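Quick notes on the structure that follows.
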Amino acid sequence: MIRADRLITDCRLATMTPGGEAYGAIDDGAILIRDGRIVWAGARPDLPAHEATHTDRLDGRWVTPGLVDCHTHLVFGGDRSGEFEQRLGGATYEEIARAGGGIVSSVAATRAASEDALYASALTRLAGLKATGVTTVEIKSGYGLDRDSELKMLRVARRIGREARVRVRTSYLGLHAVPPEWKADRARYVDLAVDDILPAAHAGGLVDAVDAYCEPIAFSTDEVGRLFDKARALGLPVKLHADQLSDGGGAALAARYGALSADHVEHTTEAGVRAMAEAGVVAVLLPGAWLMLRETVLPPMHLFRRHGVAMAVATDCNPGTSPLASMTAAINLACVQFRLTPEEALAGATRVAARALGLEDEIGTLEAGKAADLAVWDIERPAELAYWLGKPLLAKRMAGGVWDL
């Protein structure tokens with residue numbers, strides 16, 4: 001006899017477990033939940049003997065795992081909509097940057113904002129993610145670029161995880177850009193980011209992973225290697241913004257350090273893809289940034305498929321290059337722009353995204369033992385999650401066994 005807090009029935013399940021039916025689909029499904037976790041999921045006729053305190057009948061709706069946005073910059077001050085308008089009017093990114101725009105403007109706004117202000121603005125963006133089925137979100141620092149401001153961003157991210165009914169994983173992104181005050185001595189800034197800010201963030205319990213931006217316009221593989229060595233010494237996993245604008249060896253570097261993921265990866269070569277496959281590194285595809293930057297080089301999905309590299313999908317929600325706060329829109333763009341199948345894209349926003357955060361044993365599929373993080377959809381088939389662009393599809397959302405929509 002299974003004792004449960006809740007029975008969910010009269011539903012169809014996209015369990016997202018691999019190796020069987022497309023989407024791991026079960027047409028007549030049921031789920032038993034106890035203490036915020038799934039204790040049984042399967043076909044309703046196979047439902048074991050049970051006692052449930054509450055029963056929810058979903059009128060034939062589809063249930064998926066809660067969606068996982070595994071790459072965001074959700075916490076920042078201000079926005080850059082004015083720069084967006086300037087670019088559409090013909091201004092170049094370089095011209096905007098020389099006038100004090102670009103990431104410099106986001107750094108200034110983030111440094112000036114209070115923790116309460118950063119929290120409140122992040123919640124407005126989080127609302128869009130939650131309304132599109134997200135129950136887990138990764139949040140990076142990287143717009144503070146000094147000790148106090150980086151720690152402030154990470155504290156806000158932790159607060160979101162405590163108070164906003166969403167699971168949060170934090171990433172320290174100190175090597176995102178060289179702040180203006182260190183332009184003449186970037187080596188000292190790298191020292192600060194590696195030897196001061198990261199240990200302080202770790203000591204404060206603010207960091208789940210360490211990230212960096214590895215590009216000729218950002219940080220070199222040697223500089224990132226120093227940061228990753230420190231992360232390794234602290235027992236922290238790493239991930240990397242890699243090969244977005246050029247093949248800078250980022251994918252190979254991520255593989256060398258056994259990174260959870262290499263993100264963007266539009267310019268990754270076959271050698272880099274092979275290295276990722278051998279190291280089990282997830283490729284995180286970010287179609288929002290690709291769209292907003294009007295890129296033309298596609299990520300090498302055929303190579304990822306050939307070599308068995310798992311592909312996740314995320315919004316990259318940020319103020320400059322991907323002001324995207326909808327996970328279903330990210331799924332759509334991944335299909336339309338990158339030619340993922342709807343099943344690949346949904347797996348990339350659930351099972352594979354969980355792996356990209358090191359949470360594959362906790363979330364990402366509808367299986368016994370996993371957290372009861374669910375999304376319930378007003379759709380007739382799972383492919384609609386990739387098909388519709390802008391149509392409200394979410395009927396209910398459960399986080400940790402509690403309905404909050």
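The way I read the labels, and the way they are meant: chains A, B, ... in the order of the structure tokens, residue 1 as the first residue of every chain, and ligand 1 as the first ligand shown, with later ones counted on from there.
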What's the 6 Å shell around Leu260 (chain A), counting only C-alpha atoms, without same-chain residues fewer than 2 positions away, as an MDAnalysis selection string?
chainID A and resid 239 281 356
Can you write just those residues out, N, CA, C and O atoms, as a short mmCIF file (atom, residue, chain, number, x, y, z; two decimals), in the first residue's frame?
```cif
data_model
loop_
_atom_site.label_atom_id
_atom_site.label_comp_id
_atom_site.auth_asym_id
_atom_site.auth_seq_id
_atom_site.Cartn_x
_atom_site.Cartn_y
_atom_site.Cartn_z
N LYS A 239 31.10 25.42 -15.82
CA LYS A 239 30.40 25.49 -17.10
C LYS A 239 31.00 26.66 -17.85
O LYS A 239 31.73 27.47 -17.26
N VAL A 281 30.07 16.39 -21.70
CA VAL A 281 29.68 17.79 -21.55
C VAL A 281 28.40 18.05 -22.35
O VAL A 281 28.32 17.71 -23.53
N ALA A 356 22.54 19.43 -17.35
CA ALA A 356 23.44 20.57 -17.51
C ALA A 356 23.63 21.33 -16.20
O ALA A 356 24.56 22.13 -16.09
#
```
Give me the residues near Thr315 (chain A) as a count of residues only, where near means some atom within 12 Å (using only C-alpha atoms) and where sequence neighbours in that chain fewer than 4 positions away do not count.
46
At a cut-off of 10 Å, using only C-alpha atoms, what residues contact Ala193 (chain A)? Leave out same-chain residues fewer than 4 positions from it and give the result as a ChimeraX atom specification.
/A:145-147,150,172-175,187-189,197-200,227
Using only C-alpha atoms, can you tell me which of A:Tyr23, A:Trp40, A:Tyr213, A:Trp182 comes closest to Lys140 (chain A)?
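That would be A:Tyr213, the residue with the smallest distance to Lys140 (chain A).
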What separates CA of Gly280 (chain A) and CA of Val309 (chain A) is a distance of 7.2 Å
Give me the region 53-171 of chain A side of the contact with region 368-372 of chain A, cut-off 12 Å, one line per residue showing its nearest atom pair and distance in Å at one decimal, counting only C-alpha atoms, sorted by chain and residue number, as a tab-separated table.
```
residue	atom	partner	partner_atom	distance
A:Val63	CA	A:Ala372	CA	11.4
A:Thr64	CA	A:Ala372	CA	10.7
A:Pro65	CA	A:Ala372	CA	8.2
A:Gly66	CA	A:Ala372	CA	8.5
A:Thr135	CA	A:Ala372	CA	10.0
A:Thr136	CA	A:Ala371	CA	11.0
A:Arg167	CA	A:Ala371	CA	10.5
```
Keeping N, CA and C atoms for every residue in the selection just given, could you write it to a file as a compact mmCIF listing (two decimals), in the first residue's frame?
```txt
# COMPACT_ATOMS: atom_id res chain seq x y z
N VAL A 63 0.76 16.34 -18.84
CA VAL A 63 1.66 16.69 -17.76
C VAL A 63 3.10 16.40 -18.20
N THR A 64 3.97 17.37 -18.02
CA THR A 64 5.40 17.18 -18.27
C THR A 64 6.17 17.47 -16.99
N PRO A 65 7.43 17.09 -16.95
CA PRO A 65 8.25 17.63 -15.86
C PRO A 65 8.25 19.15 -15.94
N GLY A 66 8.41 19.82 -14.80
CA GLY A 66 8.60 21.25 -14.85
C GLY A 66 9.79 21.59 -15.73
N THR A 135 10.15 25.48 -13.54
CA THR A 135 10.19 25.24 -12.09
C THR A 135 11.62 25.28 -11.56
N THR A 136 12.62 25.26 -12.45
CA THR A 136 14.02 25.36 -12.06
C THR A 136 14.72 26.35 -12.97
N ARG A 167 13.09 26.46 -8.02
CA ARG A 167 14.39 25.93 -7.66
C ARG A 167 15.46 26.75 -8.38
```
Report as a PDB file with C-alpha atoms, in the first residue's frame all protein, DNA and RNA residues lying within 12 Å of Leu303 (chain A), evaluated on only C-alpha atoms, omitting residues in the same chain fewer than 6 positions from it.
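Resulting contents of out.pdb:
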```pdb
ATOM      1  CA  VAL A 265      28.842  26.629 -29.125  1.00  0.00           C
ATOM      2  CA  GLU A 266      27.909  28.016 -32.550  1.00  0.00           C
ATOM      3  CA  HIS A 267      31.533  27.891 -33.787  1.00  0.00           C
ATOM      4  CA  THR A 268      32.619  24.642 -32.143  1.00  0.00           C
ATOM      5  CA  THR A 269      34.581  22.364 -34.472  1.00  0.00           C
ATOM      6  CA  GLU A 270      34.264  18.608 -34.783  1.00  0.00           C
ATOM      7  CA  ALA A 271      37.354  18.177 -32.602  1.00  0.00           C
ATOM      8  CA  GLY A 272      35.654  20.217 -29.896  1.00  0.00           C
ATOM      9  CA  VAL A 273      32.455  18.214 -30.268  1.00  0.00           C
ATOM     10  CA  ARG A 274      34.377  14.947 -29.935  1.00  0.00           C
ATOM     11  CA  ALA A 275      36.047  16.234 -26.784  1.00  0.00           C
ATOM     12  CA  MET A 276      32.647  17.204 -25.346  1.00  0.00           C
ATOM     13  CA  ALA A 277      31.258  13.756 -26.156  1.00  0.00           C
ATOM     14  CA  ALA A 283      25.786  21.516 -25.277  1.00  0.00           C
ATOM     15  CA  VAL A 309      26.422  15.091 -27.314  1.00  0.00           C
ATOM     16  CA  ALA A 310      23.259  15.863 -25.365  1.00  0.00           C
ATOM     17  CA  MET A 311      21.646  19.203 -26.296  1.00  0.00           C
TER      18      MET A 311
END
```
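One finds CA of Leu298 (chain A) at 25.8 Å from CA of Ala22 (chain A).
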List every residue of region 130-251 of chain A that DSSP, applied to the backbone of this structure, places in strand (DSSP E or B), and write the result as a list in words.
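DSSP-assigned strand (DSSP E or B) residues in region 130-251 of chain A: Val134, Thr135, Thr136, Val137, Glu138, Ile139, Lys140, Arg167, Val168, Arg169, Thr170, Ser171, Tyr172, Leu173, Gly174, Leu175, Ala177, Ala209, Val210, Asp211, Ala212, Tyr213, Cys214, Phe219, Val238, Lys239, Leu240, His241 and Ala242 of chain A.
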Output N, CA, C and O atoms for every residue in the selection just made, as a short mmCIF file (atom, residue, chain, number, x, y, z; two decimals), in the first residue's frame.
```cif
data_model
loop_
_atom_site.label_atom_id
_atom_site.label_comp_id
_atom_site.auth_asym_id
_atom_site.auth_seq_id
_atom_site.Cartn_x
_atom_site.Cartn_y
_atom_site.Cartn_z
N VAL A 134 8.33 26.89 -16.18
CA VAL A 134 9.63 26.70 -15.56
C VAL A 134 9.48 26.50 -14.06
O VAL A 134 8.79 27.27 -13.37
N THR A 135 10.15 25.48 -13.54
CA THR A 135 10.19 25.24 -12.09
C THR A 135 11.62 25.28 -11.56
O THR A 135 11.82 25.29 -10.35
N THR A 136 12.62 25.26 -12.45
CA THR A 136 14.02 25.36 -12.06
C THR A 136 14.72 26.35 -12.97
O THR A 136 14.52 26.32 -14.19
N VAL A 137 15.53 27.22 -12.38
CA VAL A 137 16.24 28.24 -13.16
C VAL A 137 17.66 28.39 -12.64
O VAL A 137 17.89 28.40 -11.43
N GLU A 138 18.59 28.46 -13.55
CA GLU A 138 19.97 28.81 -13.20
C GLU A 138 20.12 30.31 -13.31
O GLU A 138 19.57 30.93 -14.24
N ILE A 139 20.81 30.93 -12.34
CA ILE A 139 21.01 32.38 -12.34
C ILE A 139 22.48 32.68 -12.15
O ILE A 139 23.10 32.23 -11.18
N LYS A 140 23.04 33.47 -13.06
CA LYS A 140 24.45 33.81 -13.02
C LYS A 140 24.66 35.19 -12.41
O LYS A 140 23.81 36.07 -12.52
N ARG A 167 13.09 26.46 -8.02
CA ARG A 167 14.39 25.93 -7.66
C ARG A 167 15.46 26.75 -8.38
O ARG A 167 15.37 26.97 -9.59
N VAL A 168 16.47 27.20 -7.66
CA VAL A 168 17.52 28.05 -8.24
C VAL A 168 18.88 27.40 -8.06
O VAL A 168 19.21 26.91 -6.97
N ARG A 169 19.66 27.38 -9.13
CA ARG A 169 21.08 27.05 -9.09
C ARG A 169 21.85 28.30 -9.47
O ARG A 169 21.53 28.96 -10.47
N THR A 170 22.86 28.63 -8.69
CA THR A 170 23.62 29.85 -8.93
C THR A 170 24.95 29.53 -9.60
O THR A 170 25.57 28.49 -9.34
N SER A 171 25.39 30.44 -10.47
CA SER A 171 26.71 30.32 -11.11
C SER A 171 27.46 31.63 -10.93
O SER A 171 26.94 32.71 -11.25
N TYR A 172 28.68 31.54 -10.44
CA TYR A 172 29.56 32.71 -10.34
C TYR A 172 30.21 32.95 -11.70
O TYR A 172 30.93 32.11 -12.22
N LEU A 173 29.95 34.12 -12.27
CA LEU A 173 30.44 34.48 -13.60
C LEU A 173 31.34 35.72 -13.51
O LEU A 173 31.12 36.72 -14.16
N GLY A 174 32.34 35.64 -12.65
CA GLY A 174 33.23 36.78 -12.47
C GLY A 174 34.02 37.13 -13.72
O GLY A 174 34.30 38.30 -13.98
N LEU A 175 34.37 36.12 -14.52
CA LEU A 175 35.07 36.38 -15.79
C LEU A 175 34.05 36.47 -16.91
O LEU A 175 33.93 35.60 -17.77
N ALA A 177 33.31 40.00 -18.16
CA ALA A 177 33.90 41.13 -18.88
C ALA A 177 34.88 41.81 -17.92
O ALA A 177 34.80 41.64 -16.71
N ALA A 209 28.01 26.62 -9.01
CA ALA A 209 28.90 26.31 -10.14
C ALA A 209 29.65 27.58 -10.51
O ALA A 209 29.29 28.69 -10.09
N VAL A 210 30.70 27.41 -11.32
CA VAL A 210 31.54 28.53 -11.76
C VAL A 210 31.52 28.59 -13.27
O VAL A 210 31.67 27.56 -13.95
N ASP A 211 31.32 29.78 -13.81
CA ASP A 211 31.17 30.00 -15.24
C ASP A 211 32.16 31.06 -15.69
O ASP A 211 32.72 31.80 -14.88
N ALA A 212 32.38 31.16 -16.99
CA ALA A 212 33.24 32.19 -17.57
C ALA A 212 32.86 32.37 -19.03
O ALA A 212 32.21 31.52 -19.64
N TYR A 213 33.29 33.51 -19.58
CA TYR A 213 33.05 33.82 -20.99
C TYR A 213 34.39 33.74 -21.70
O TYR A 213 35.26 34.59 -21.51
N CYS A 214 34.55 32.69 -22.49
CA CYS A 214 35.82 32.42 -23.16
C CYS A 214 35.71 32.82 -24.63
O CYS A 214 35.12 32.09 -25.43
N PHE A 219 37.73 36.57 -22.29
CA PHE A 219 38.84 36.00 -21.54
C PHE A 219 39.44 34.81 -22.28
O PHE A 219 38.73 34.05 -22.93
N VAL A 238 32.09 23.30 -13.05
CA VAL A 238 32.23 24.45 -13.95
C VAL A 238 31.35 24.29 -15.17
O VAL A 238 30.91 23.19 -15.51
N LYS A 239 31.10 25.42 -15.82
CA LYS A 239 30.40 25.49 -17.10
C LYS A 239 31.00 26.66 -17.85
O LYS A 239 31.73 27.47 -17.26
N LEU A 240 30.72 26.79 -19.14
CA LEU A 240 31.46 27.78 -19.92
C LEU A 240 30.64 28.35 -21.06
O LEU A 240 29.99 27.60 -21.80
N HIS A 241 30.67 29.69 -21.21
CA HIS A 241 30.24 30.34 -22.45
C HIS A 241 31.35 30.06 -23.47
O HIS A 241 32.45 30.61 -23.37
N ALA A 242 31.06 29.25 -24.47
CA ALA A 242 32.13 28.73 -25.34
C ALA A 242 31.80 28.91 -26.81
O ALA A 242 30.68 28.64 -27.24
#
```
Interatomic distance, CA of Ile217 (chain A) to CA of Ala122 (chain A) (Å, one decimal)
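Atom-to-atom, CA of Ile217 (chain A) to CA of Ala122 (chain A), that is 27.4 Å.
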Nearest to Ile96 (chain A) among A:Gly364, A:Gly401, A:Gly225, A:Gly320, with distances taken over only C-alpha atoms: which residue is it?
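That would be A:Gly320, the residue with the smallest distance to Ile96 (chain A).
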What's around Arg12 (chain A) at 8 Å? Count only C-alpha atoms, leave out sequence neighbours fewer than 5 positions away in its own chain, and write the answer as a PyMOL selection string.
chain A and resi 25-30+60-63
